[in-house]
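A.B. asks: So that you have it, the file is coords34.csv, and it contains CSV, C-alpha atoms:
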chain,number,residue,atom,x,y,z
A,1,MET,CA,8.8,-6.7,-3.5
A,2,ARG,CA,6.1,-4.0,-3.4
A,3,LEU,CA,2.6,-4.1,-2.2
A,4,SER,CA,1.5,-3.2,-5.8
A,5,ASP,CA,3.1,-6.5,-7.0
A,6,ILE,CA,0.5,-8.4,-4.8
A,7,LEU,CA,-2.6,-6.2,-5.1
A,8,GLY,CA,-4.6,-7.1,-8.2
A,9,SER,CA,-2.8,-10.4,-8.8
A,10,GLU,CA,-4.9,-13.3,-9.9
A,11,VAL,CA,-5.0,-16.1,-7.3
A,12,PHE,CA,-5.1,-19.8,-8.4
A,13,ALA,CA,-5.8,-22.8,-6.2
A,14,ALA,CA,-3.5,-25.8,-6.5
A,15,ASP,CA,-5.9,-27.4,-9.0
A,16,GLY,CA,-5.6,-24.4,-11.3
A,17,SER,CA,-9.0,-22.9,-10.6
A,18,SER,CA,-9.1,-19.1,-10.1
A,19,LEU,CA,-10.3,-17.7,-6.8
A,20,GLY,CA,-10.3,-14.1,-8.1
A,21,HIS,CA,-7.9,-11.2,-7.6
A,22,VAL,CA,-6.2,-9.9,-4.5
A,23,ARG,CA,-8.4,-7.1,-3.2
A,24,ASP,CA,-6.4,-6.2,-0.1
A,25,VAL,CA,-3.6,-7.4,2.1
A,26,ARG,CA,-3.9,-8.1,5.8
A,27,LEU,CA,-1.2,-6.7,8.1
A,28,LEU,CA,-0.6,-7.3,11.7
A,29,ALA,CA,1.8,-5.3,13.9
A,30,ASP,CA,3.7,-8.2,15.3
A,31,GLY,CA,7.1,-8.1,13.7
A,32,PRO,CA,10.5,-6.9,15.0
A,33,GLU,CA,10.6,-3.5,16.8
A,34,LEU,CA,10.9,-0.6,14.4
A,35,GLY,CA,11.9,2.6,16.3
A,36,ALA,CA,9.0,4.9,17.1
A,37,PHE,CA,6.5,2.7,15.3
A,38,GLY,CA,6.9,-0.3,17.6
A,39,PRO,CA,6.4,-3.8,16.2
A,40,ALA,CA,6.7,-3.9,12.4
A,41,LEU,CA,3.8,-4.7,10.2
A,42,ARG,CA,3.9,-8.1,8.7
A,43,VAL,CA,1.8,-9.5,5.9
A,44,HIS,CA,-0.4,-12.3,7.3
A,45,GLY,CA,-2.8,-12.9,4.5
A,46,ILE,CA,-4.5,-11.7,1.4
A,47,LEU,CA,-8.1,-10.9,0.7
A,48,VAL,CA,-9.3,-12.5,-2.5
A,49,GLY,CA,-12.5,-12.0,-4.3
A,50,ARG,CA,-14.3,-10.9,-7.4
A,51,GLY,CA,-16.0,-7.6,-8.1
A,52,SER,CA,-13.8,-4.8,-6.9
A,53,LEU,CA,-16.5,-2.0,-7.1
A,54,GLY,CA,-18.7,-3.4,-4.3
A,55,ALA,CA,-15.6,-4.1,-2.2
A,56,ARG,CA,-14.3,-0.6,-2.7
A,57,LEU,CA,-17.6,0.8,-1.6
A,58,GLY,CA,-17.5,-1.4,1.5
A,59,LEU,CA,-20.7,-3.2,0.5
A,60,GLY,CA,-19.3,-6.6,1.3
A,61,ARG,CA,-19.1,-5.7,5.0
A,62,PRO,CA,-21.8,-7.0,7.3
A,63,GLU,CA,-22.1,-3.7,9.2
A,64,MET,CA,-23.1,-1.9,5.9
A,65,ARG,CA,-26.9,-2.2,5.8
A,66,GLY,CA,-27.6,-0.2,2.6
A,67,PRO,CA,-28.4,1.1,0.2
A,68,TRP,CA,-30.5,-2.0,-0.2
A,69,LEU,CA,-30.3,-2.3,-3.9
A,70,LEU,CA,-26.5,-1.9,-4.1
A,71,LYS,CA,-26.1,-4.3,-1.2
A,72,ARG,CA,-28.1,-6.9,-3.1
A,73,VAL,CA,-26.1,-6.4,-6.2
A,74,PHE,CA,-22.6,-6.1,-4.9
A,75,GLY,CA,-22.7,-7.4,-1.3
A,76,ARG,CA,-23.0,-11.1,-2.0
A,77,ARG,CA,-19.8,-11.6,-4.0
A,78,ALA,CA,-17.6,-14.4,-2.6
A,79,ARG,CA,-14.5,-13.3,-0.8
A,80,HIS,CA,-11.8,-15.4,0.8
A,81,LEU,CA,-9.1,-14.7,3.3
A,82,VAL,CA,-5.9,-16.7,2.4
A,83,ASP,CA,-3.1,-17.0,5.0
A,84,TRP,CA,0.3,-16.1,3.7
A,85,GLY,CA,1.6,-19.5,4.7
A,86,ASP,CA,-0.9,-21.1,2.2
A,87,ILE,CA,0.9,-19.3,-0.7
A,88,ALA,CA,3.2,-21.5,-2.8
A,89,SER,CA,4.5,-18.9,-5.2
A,90,VAL,CA,4.2,-15.2,-6.0
A,91,GLN,CA,5.0,-14.3,-9.6
A,92,GLU,CA,4.2,-11.4,-11.8
A,93,GLY,CA,0.4,-10.8,-11.6
A,94,GLU,CA,-0.1,-14.4,-10.4
A,95,ILE,CA,-0.3,-16.1,-7.0
A,96,ARG,CA,-0.5,-19.8,-6.6
A,97,LEU,CA,-1.7,-21.5,-3.5
A,98,SER,CA,-0.4,-24.7,-2.0
A,99,ALA,CA,-2.3,-28.0,-2.2
A,100,THR,CA,-3.1,-27.8,1.6
A,101,ALA,CA,-4.4,-24.2,1.4
A,102,SER,CA,-7.8,-23.7,2.9
A,103,PRO,CA,-9.1,-20.2,2.1
A,104,THR,CA,-11.6,-18.9,4.6
A,105,SER,CA,-14.9,-17.6,3.1
A,106,ILE,CA,-15.8,-14.3,4.6
A,107,GLY,CA,-18.4,-11.6,4.2
A,108,SER,CA,-15.9,-8.9,5.1
A,109,PRO,CA,-12.5,-8.2,6.5
A,110,SER,CA,-12.4,-7.5,10.2
A,111,ALA,CA,-11.2,-3.9,10.0
B,1,MET,CA,3.2,4.1,18.1
B,2,ASN,CA,0.6,2.4,15.9
B,3,ASP,CA,-2.8,2.4,17.5
B,4,ARG,CA,-4.2,-0.4,15.5
B,5,ARG,CA,-2.8,-3.9,15.7
B,6,GLU,CA,-4.5,-5.1,12.5
B,7,LEU,CA,-4.7,-3.2,9.3
B,8,LEU,CA,-5.7,-3.7,5.7
B,9,ALA,CA,-3.0,-2.2,3.6
B,10,GLY,CA,-5.2,-0.9,0.8
B,11,LEU,CA,-7.9,0.4,3.1
B,12,HIS,CA,-5.9,1.9,5.9
B,13,LEU,CA,-2.6,2.9,4.3
B,14,LEU,CA,-2.7,3.4,0.5
B,15,ASP,CA,-3.5,7.0,-0.6
B,16,HIS,CA,-3.4,8.3,2.9
B,17,GLN,CA,-1.8,11.7,3.6
B,18,ILE,CA,1.7,11.7,5.2
B,19,LEU,CA,2.3,14.4,7.8
B,20,ASP,CA,5.7,15.3,9.0
B,21,CYS,CA,6.8,16.1,12.5
B,22,ASP,CA,5.5,19.7,12.2
B,23,GLY,CA,2.2,18.7,10.7
B,24,TRP,CA,3.0,19.6,7.2
B,25,ALA,CA,1.9,17.5,4.3
B,26,ALA,CA,4.7,15.4,3.0
B,27,GLY,CA,3.2,13.3,0.2
B,28,LYS,CA,0.8,10.4,0.0
B,29,VAL,CA,1.3,6.7,0.7
B,30,ASP,CA,1.5,5.4,-2.9
B,31,ASP,CA,3.0,1.9,-2.3
B,32,LEU,CA,4.7,-0.1,0.4
B,33,GLU,CA,8.1,-1.9,0.3
B,34,LEU,CA,8.0,-5.4,1.6
B,35,ASP,CA,10.9,-7.5,2.7
B,36,VAL,CA,10.0,-11.0,1.4
B,37,ALA,CA,12.0,-14.2,2.0
B,38,ALA,CA,13.1,-16.1,-1.1
B,39,ASP,CA,10.7,-18.8,-0.2
B,40,PRO,CA,7.4,-17.1,0.8
B,41,THR,CA,6.3,-20.0,2.9
B,42,THR,CA,9.2,-19.7,5.4
B,43,ALA,CA,8.6,-16.2,6.8
B,44,LEU,CA,6.0,-13.5,6.7
B,45,PRO,CA,6.9,-10.4,4.6
B,46,VAL,CA,7.7,-7.3,6.7
B,47,VAL,CA,6.7,-3.8,5.7
B,48,THR,CA,10.0,-1.9,5.6
B,49,ALA,CA,9.2,1.4,3.9
B,50,ILE,CA,6.5,3.7,2.6
B,51,LEU,CA,7.0,4.6,-1.1
B,52,SER,CA,5.6,7.9,-2.2
B,53,GLY,CA,5.6,10.1,-5.3
B,54,ALA,CA,5.1,9.6,-9.0
B,55,GLY,CA,7.6,6.8,-9.3
B,56,ALA,CA,5.7,4.8,-6.7
B,57,LEU,CA,2.3,5.6,-8.0
B,58,SER,CA,3.3,4.6,-11.6
B,59,ARG,CA,3.1,0.9,-10.8
B,60,ARG,CA,-0.5,1.4,-9.9
B,61,LEU,CA,-1.2,3.1,-13.2
B,62,GLU,CA,-1.6,0.7,-16.0
B,63,GLY,CA,-0.2,0.8,-19.5
B,64,ARG,CA,1.6,3.7,-21.2
B,65,LEU,CA,0.6,6.3,-18.6
B,66,GLY,CA,2.3,4.3,-15.8
B,67,ARG,CA,5.5,3.8,-17.8
B,68,TRP,CA,5.6,7.5,-18.8
B,69,VAL,CA,5.1,8.7,-15.2
B,70,GLU,CA,7.9,6.3,-14.0
B,71,SER,CA,10.2,7.6,-16.7
B,72,VAL,CA,9.6,11.3,-15.8
B,73,ASP,CA,10.2,10.5,-12.1
B,74,GLU,CA,13.5,8.8,-12.9
B,75,ARG,CA,14.7,11.8,-14.9
B,76,LEU,CA,13.9,14.2,-12.1
B,77,ALA,CA,15.4,12.1,-9.4
B,78,SER,CA,19.0,12.6,-8.3
B,79,ASP,CA,18.6,9.8,-5.7
B,80,ARG,CA,17.0,6.4,-5.6
B,81,VAL,CA,13.6,5.9,-7.2
B,82,PRO,CA,10.9,5.8,-6.0
B,83,SER,CA,11.3,8.0,-2.9
B,84,GLN,CA,11.0,6.1,0.4
B,85,ILE,CA,10.3,6.7,4.0
B,86,ALA,CA,11.7,4.0,6.3
B,87,PHE,CA,8.9,2.6,8.5
B,88,GLU,CA,11.0,3.3,11.6
B,89,LEU,CA,10.1,7.0,11.1
B,90,VAL,CA,6.3,6.3,11.2
B,91,SER,CA,4.8,7.3,14.6
B,92,GLU,CA,1.1,6.9,14.0
B,93,ILE,CA,-1.3,5.4,11.5
B,94,ALA,CA,-4.8,7.0,11.7
B,95,SER,CA,-6.7,8.9,9.0
B,96,HIS,CA,-3.2,10.1,8.1
B,97,VAL,CA,0.3,8.7,8.5
B,98,SER,CA,2.5,10.7,10.9
B,99,VAL,CA,6.3,10.5,10.6
B,100,THR,CA,8.9,11.8,13.1
B,101,ALA,CA,11.1,13.6,10.4
B,102,SER,CA,10.7,17.0,8.8
B,103,ARG,CA,9.5,17.0,5.2
B,104,ASP,CA,12.7,18.8,4.2
B,105,ASP,CA,14.6,15.8,5.3
B,106,LEU,CA,12.4,13.3,3.4
B,107,GLU,CA,12.9,12.1,-0.1
B,108,THR,CA,9.2,12.5,-0.8
B,109,GLY,CA,9.5,16.3,-1.1
B,110,ARG,CA,11.9,16.2,-4.0
B,111,GLY,CA,9.3,17.0,-6.6
B,112,GLU,CA,8.3,20.1,-4.8
B,113,ARG,CA,12.0,21.0,-4.2
B,114,TRP,CA,12.8,20.4,-7.9
B,115,THR,CA,9.9,22.8,-8.9
B,116,ARG,CA,11.1,25.4,-6.4
B,117,GLU,CA,14.7,25.3,-7.5
B,118,ARG,CA,14.3,24.9,-11.3
B,119,ILE,CA,11.1,26.8,-12.0
B,120,VAL,CA,9.8,29.1,-9.1
B,121,GLY,CA,13.4,30.1,-8.2
B,122,HIS,CA,13.9,31.6,-11.7
B,123,ILE,CA,10.8,33.8,-11.6
B,124,PRO,CA,11.9,37.4,-10.9
B,125,GLY,CA,11.3,38.3,-7.3
B,126,ALA,CA,11.1,34.7,-6.2
B,127,GLY,CA,14.1,35.1,-3.8
B,128,HIS,CA,12.5,37.8,-1.8
B,129,ALA,CA,10.3,36.6,1.0
B,130,PRO,CA,7.2,38.7,1.7
B,131,GLU,CA,7.8,41.2,4.5
Show me, as structure tokens, the structure contained in the file I just sent.

C.D. replies:
Amino acid sequence: MRLSDILGSEVFAADGSSLGHVRDVRLLADGPELGAFGPALRVHGILVGRGSLGARLGLGRPEMRGPWLLKRVFGRRARHLVDWGDIASVQEGEIRLSATASPTSIGSPSA
Amino acid sequence: MNDRRELLAGLHLLDHQILDCDGWAAGKVDDLELDVAADPTTALPVVTAILSGAGALSRRLEGRLGRWVESVDERLASDRVPSQIAFELVSEIASHVSVTASRDDLETGRGERWTRERIVGHIPGAGHAPE
């Protein structure tokens, strides 16, 4: 599988409702040792939300204080962090969450 | 050694410049190869390779343009498509991605090598290095 198979996929809750699209993928360096790199990067979760323009401009981040108008327009879009363990299936352009999934609402990723 | 423990793949890796062991540009991070268990709930996917070049970028280009770019890359490639850099070779992830190999030894330089051998090499005088 490639990262591009996940990015942009639409994410559905167990009841069929759409949470939005995958905006980014959260990686942690806690996998098996990989030569000079050290612990391998593993996928721990996906960042899901609507409105990619504001996210790409970083306007959803709390540390971004302006421009005021753009922040008002783009900065309040709902975003969720979904743990990889809450994913039931990954298909072409579509990710379905398990019934026990509990996406965390966030204003921004902790980058 | 990676200096950040937590990363966002799109923000911190995609489209970043790859630098080889001598500091030469060796392509861009166009995609990542993930090793995923058959049942995604049993294990976390591991990032195993950086994918670079037109063949890797094509998946991120929608429609006919993406298919055309992938097709061109497949025709030019004598090896596997898309070109990969094993993550074992990555030494640092910062504003760029450093690798421990020379760009001449990486698959990602094949587009440039193809151009040098098939086009530039046929231009009269191309074989004479400037003195």

A.B. asks: What are the residues of chain B lining chain A at 10 Å or less? Count all atoms listed in the file, and put the answer as a VMD selection string.

C.D. replies: chain B and resid 1 to 12 14 30 to 51 56 to 60 86 to 93 98 to 100

A.B. asks: Neighbours of Lys28 in chain B within 6 Å (only C-alpha atoms; same-chain residues fewer than 2 positions away dropped), as a list in words?

C.D. replies: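 Here the answer would be Asp15, His16, Gln17, Ile18, Asp30 and Ser52 of chain B.
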
A.B. asks: How would the residues just picked look written out with C-alpha atoms as a short mmCIF file (atom, residue, chain, number, x, y, z; two decimals), keeping the file's coordinate frame?

C.D. replies:
data_model
loop_
_atom_site.label_atom_id
_atom_site.label_comp_id
_atom_site.auth_asym_id
_atom_site.auth_seq_id
_atom_site.Cartn_x
_atom_site.Cartn_y
_atom_site.Cartn_z
CA ASP B 15 -3.50 7.00 -0.60
CA HIS B 16 -3.40 8.30 2.90
CA GLN B 17 -1.80 11.70 3.60
CA ILE B 18 1.70 11.70 5.20
CA ASP B 30 1.50 5.40 -2.90
CA SER B 52 5.60 7.90 -2.20
#

A.B. asks: Considering all atoms listed in the file, state which residue in the set A:Leu57, A:Ile6, A:Val48, A:Leu97 is at the smallest distance from Arg79 in chain A.

C.D. replies: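 Result for the nearest residue to Arg79 in chain A: A:Val48.
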
A.B. asks: Within 8 Å of Phe12 in chain A, counting all atoms listed in the file, which residues qualify if same-chain residues fewer than 4 places away don't, as a ChimeraX atom specification?

C.D. replies: /A:16-20,94-97

A.B. asks: Separation of CA of Trp114 in chain B and CA of Ala54 in chain B, in Å?

C.D. replies: 13.3 Å

A.B. asks: Provide the CA of Trp24 in chain B to CA of Ser102 in chain B distance in Å, to one decimal place.

C.D. replies: 8.3 Å

A.B. asks: CA of Ile119 in chain B and CA of Glu70 in chain B are how many Å apart?

C.D. replies: 20.8 Å

A.B. asks: Skipping near chain neighbours, those fewer than 2 positions away, what residues fall within 7 Å of Gly93 in chain A using only C-alpha atoms, listed as a PDB file with C-alpha atoms, in the frame of the given file?

C.D. replies:
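What follows is the written file result-v2.pdb:
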ATOM      1  CA  ASP A   5       3.100  -6.500  -7.000  1.00  0.00           C
ATOM      2  CA  SER A   9      -2.800 -10.400  -8.800  1.00  0.00           C
ATOM      3  CA  GLU A  10      -4.900 -13.300  -9.900  1.00  0.00           C
ATOM      4  CA  GLN A  91       5.000 -14.300  -9.600  1.00  0.00           C
TER       5      GLN A  91
END

A.B. asks: Kindly extract all protein, DNA and RNA residues lying within 12 Å of the coordinates (8.2, 6.4, -13.9) given in the file, considering all atoms listed in the file, and supply them as a PyMOL selection string.

C.D. replies: chain B and resi 53-77+81-83

A.B. asks: Would you mind putting back N, CA and C atoms on range 33-68 of chain B, then writing it out as a JSON list (two decimals), keeping the file's coordinate frame?

C.D. replies:
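See result.json below for the written result:
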[["chain", "number", "residue", "atom", "x", "y", "z"],
["B", 33, "GLU", "N", 7.00, -0.94, 0.57],
["B", 33, "GLU", "CA", 8.10, -1.90, 0.30],
["B", 33, "GLU", "C", 8.01, -3.03, 1.25],
["B", 34, "LEU", "N", 8.07, -4.24, 0.72],
["B", 34, "LEU", "CA", 8.00, -5.40, 1.60],
["B", 34, "LEU", "C", 9.27, -6.22, 1.49],
["B", 35, "ASP", "N", 9.71, -6.68, 2.64],
["B", 35, "ASP", "CA", 10.90, -7.50, 2.70],
["B", 35, "ASP", "C", 10.38, -8.99, 2.69],
["B", 36, "VAL", "N", 10.56, -9.68, 1.58],
["B", 36, "VAL", "CA", 10.00, -11.00, 1.40],
["B", 36, "VAL", "C", 11.14, -12.03, 1.34],
["B", 37, "ALA", "N", 10.98, -13.14, 2.06],
["B", 37, "ALA", "CA", 12.00, -14.20, 2.00],
["B", 37, "ALA", "C", 11.94, -14.85, 0.60],
["B", 38, "ALA", "N", 13.05, -15.43, 0.18],
["B", 38, "ALA", "CA", 13.10, -16.10, -1.10],
["B", 38, "ALA", "C", 12.02, -17.12, -1.28],
["B", 39, "ASP", "N", 11.80, -17.87, -0.21],
["B", 39, "ASP", "CA", 10.70, -18.80, -0.20],
["B", 39, "ASP", "C", 9.59, -18.23, 0.65],
["B", 40, "PRO", "N", 8.48, -17.80, 0.02],
["B", 40, "PRO", "CA", 7.40, -17.10, 0.80],
["B", 40, "PRO", "C", 6.79, -17.90, 1.88],
["B", 41, "THR", "N", 6.98, -19.21, 1.87],
["B", 41, "THR", "CA", 6.30, -20.00, 2.90],
["B", 41, "THR", "C", 7.13, -20.07, 4.20],
["B", 42, "THR", "N", 8.38, -19.58, 4.17],
["B", 42, "THR", "CA", 9.20, -19.70, 5.40],
["B", 42, "THR", "C", 9.05, -18.57, 6.34],
["B", 43, "ALA", "N", 8.72, -17.38, 5.88],
["B", 43, "ALA", "CA", 8.60, -16.20, 6.80],
["B", 43, "ALA", "C", 7.59, -15.26, 6.22],
["B", 44, "LEU", "N", 6.98, -14.50, 7.12],
["B", 44, "LEU", "CA", 6.00, -13.50, 6.70],
["B", 44, "LEU", "C", 6.74, -12.26, 6.19],
["B", 45, "PRO", "N", 6.28, -11.65, 5.10],
["B", 45, "PRO", "CA", 6.90, -10.40, 4.60],
["B", 45, "PRO", "C", 6.73, -9.29, 5.64],
["B", 46, "VAL", "N", 7.76, -8.46, 5.76],
["B", 46, "VAL", "CA", 7.70, -7.30, 6.70],
["B", 46, "VAL", "C", 7.66, -6.04, 5.89],
["B", 47, "VAL", "N", 6.79, -5.12, 6.32],
["B", 47, "VAL", "CA", 6.70, -3.80, 5.70],
["B", 47, "VAL", "C", 7.87, -2.97, 6.14],
["B", 48, "THR", "N", 8.75, -2.57, 5.24],
["B", 48, "THR", "CA", 10.00, -1.90, 5.60],
["B", 48, "THR", "C", 9.94, -0.38, 5.28],
["B", 49, "ALA", "N", 9.14, 0.03, 4.30],
["B", 49, "ALA", "CA", 9.20, 1.40, 3.90],
["B", 49, "ALA", "C", 7.86, 1.84, 3.22],
["B", 50, "ILE", "N", 7.57, 3.13, 3.32],
["B", 50, "ILE", "CA", 6.50, 3.70, 2.60],
["B", 50, "ILE", "C", 7.11, 4.28, 1.28],
["B", 51, "LEU", "N", 6.50, 4.01, 0.14],
["B", 51, "LEU", "CA", 7.00, 4.60, -1.10],
["B", 51, "LEU", "C", 5.97, 5.67, -1.52],
["B", 52, "SER", "N", 6.50, 6.79, -1.92],
["B", 52, "SER", "CA", 5.60, 7.90, -2.20],
["B", 52, "SER", "C", 6.15, 8.67, -3.46],
["B", 53, "GLY", "N", 5.25, 9.31, -4.13],
["B", 53, "GLY", "CA", 5.60, 10.10, -5.30],
["B", 53, "GLY", "C", 5.24, 9.42, -6.59],
["B", 54, "ALA", "N", 5.53, 10.12, -7.68],
["B", 54, "ALA", "CA", 5.10, 9.60, -9.00],
["B", 54, "ALA", "C", 5.69, 8.28, -9.34],
["B", 55, "GLY", "N", 6.95, 8.06, -8.95],
["B", 55, "GLY", "CA", 7.60, 6.80, -9.30],
["B", 55, "GLY", "C", 6.93, 5.61, -8.59],
["B", 56, "ALA", "N", 6.41, 5.84, -7.39],
["B", 56, "ALA", "CA", 5.70, 4.80, -6.70],
["B", 56, "ALA", "C", 4.32, 4.58, -7.21],
["B", 57, "LEU", "N", 3.67, 5.68, -7.54],
["B", 57, "LEU", "CA", 2.30, 5.60, -8.00],
["B", 57, "LEU", "C", 2.24, 4.95, -9.42],
["B", 58, "SER", "N", 3.33, 5.09, -10.18],
["B", 58, "SER", "CA", 3.30, 4.60, -11.60],
["B", 58, "SER", "C", 3.00, 3.14, -11.70],
["B", 59, "ARG", "N", 3.42, 2.33, -10.70],
["B", 59, "ARG", "CA", 3.10, 0.90, -10.80],
["B", 59, "ARG", "C", 1.64, 0.60, -10.67],
["B", 60, "ARG", "N", 0.92, 1.56, -10.09],
["B", 60, "ARG", "CA", -0.50, 1.40, -9.90],
["B", 60, "ARG", "C", -1.30, 1.93, -11.10],
["B", 61, "LEU", "N", -0.59, 2.60, -12.00],
["B", 61, "LEU", "CA", -1.20, 3.10, -13.20],
["B", 61, "LEU", "C", -0.88, 2.17, -14.35],
["B", 62, "GLU", "N", -1.86, 1.69, -15.02],
["B", 62, "GLU", "CA", -1.60, 0.70, -16.00],
["B", 62, "GLU", "C", -1.18, 1.30, -17.36],
["B", 63, "GLY", "N", -0.51, 0.48, -18.17],
["B", 63, "GLY", "CA", -0.20, 0.80, -19.50],
["B", 63, "GLY", "C", 0.80, 1.94, -19.71],
["B", 64, "ARG", "N", 0.65, 2.68, -20.81],
["B", 64, "ARG", "CA", 1.60, 3.70, -21.20],
["B", 64, "ARG", "C", 1.73, 4.82, -20.16],
["B", 65, "LEU", "N", 0.60, 5.18, -19.57],
["B", 65, "LEU", "CA", 0.60, 6.30, -18.60],
["B", 65, "LEU", "C", 1.54, 5.94, -17.44],
["B", 66, "GLY", "N", 1.45, 4.72, -16.91],
["B", 66, "GLY", "CA", 2.30, 4.30, -15.80],
["B", 66, "GLY", "C", 3.78, 4.35, -16.18],
["B", 67, "ARG", "N", 4.11, 3.86, -17.37],
["B", 67, "ARG", "CA", 5.50, 3.80, -17.80],
["B", 67, "ARG", "C", 6.04, 5.27, -18.02],
["B", 68, "TRP", "N", 5.17, 6.15, -18.54],
["B", 68, "TRP", "CA", 5.60, 7.50, -18.80],
["B", 68, "TRP", "C", 5.84, 8.23, -17.44]]
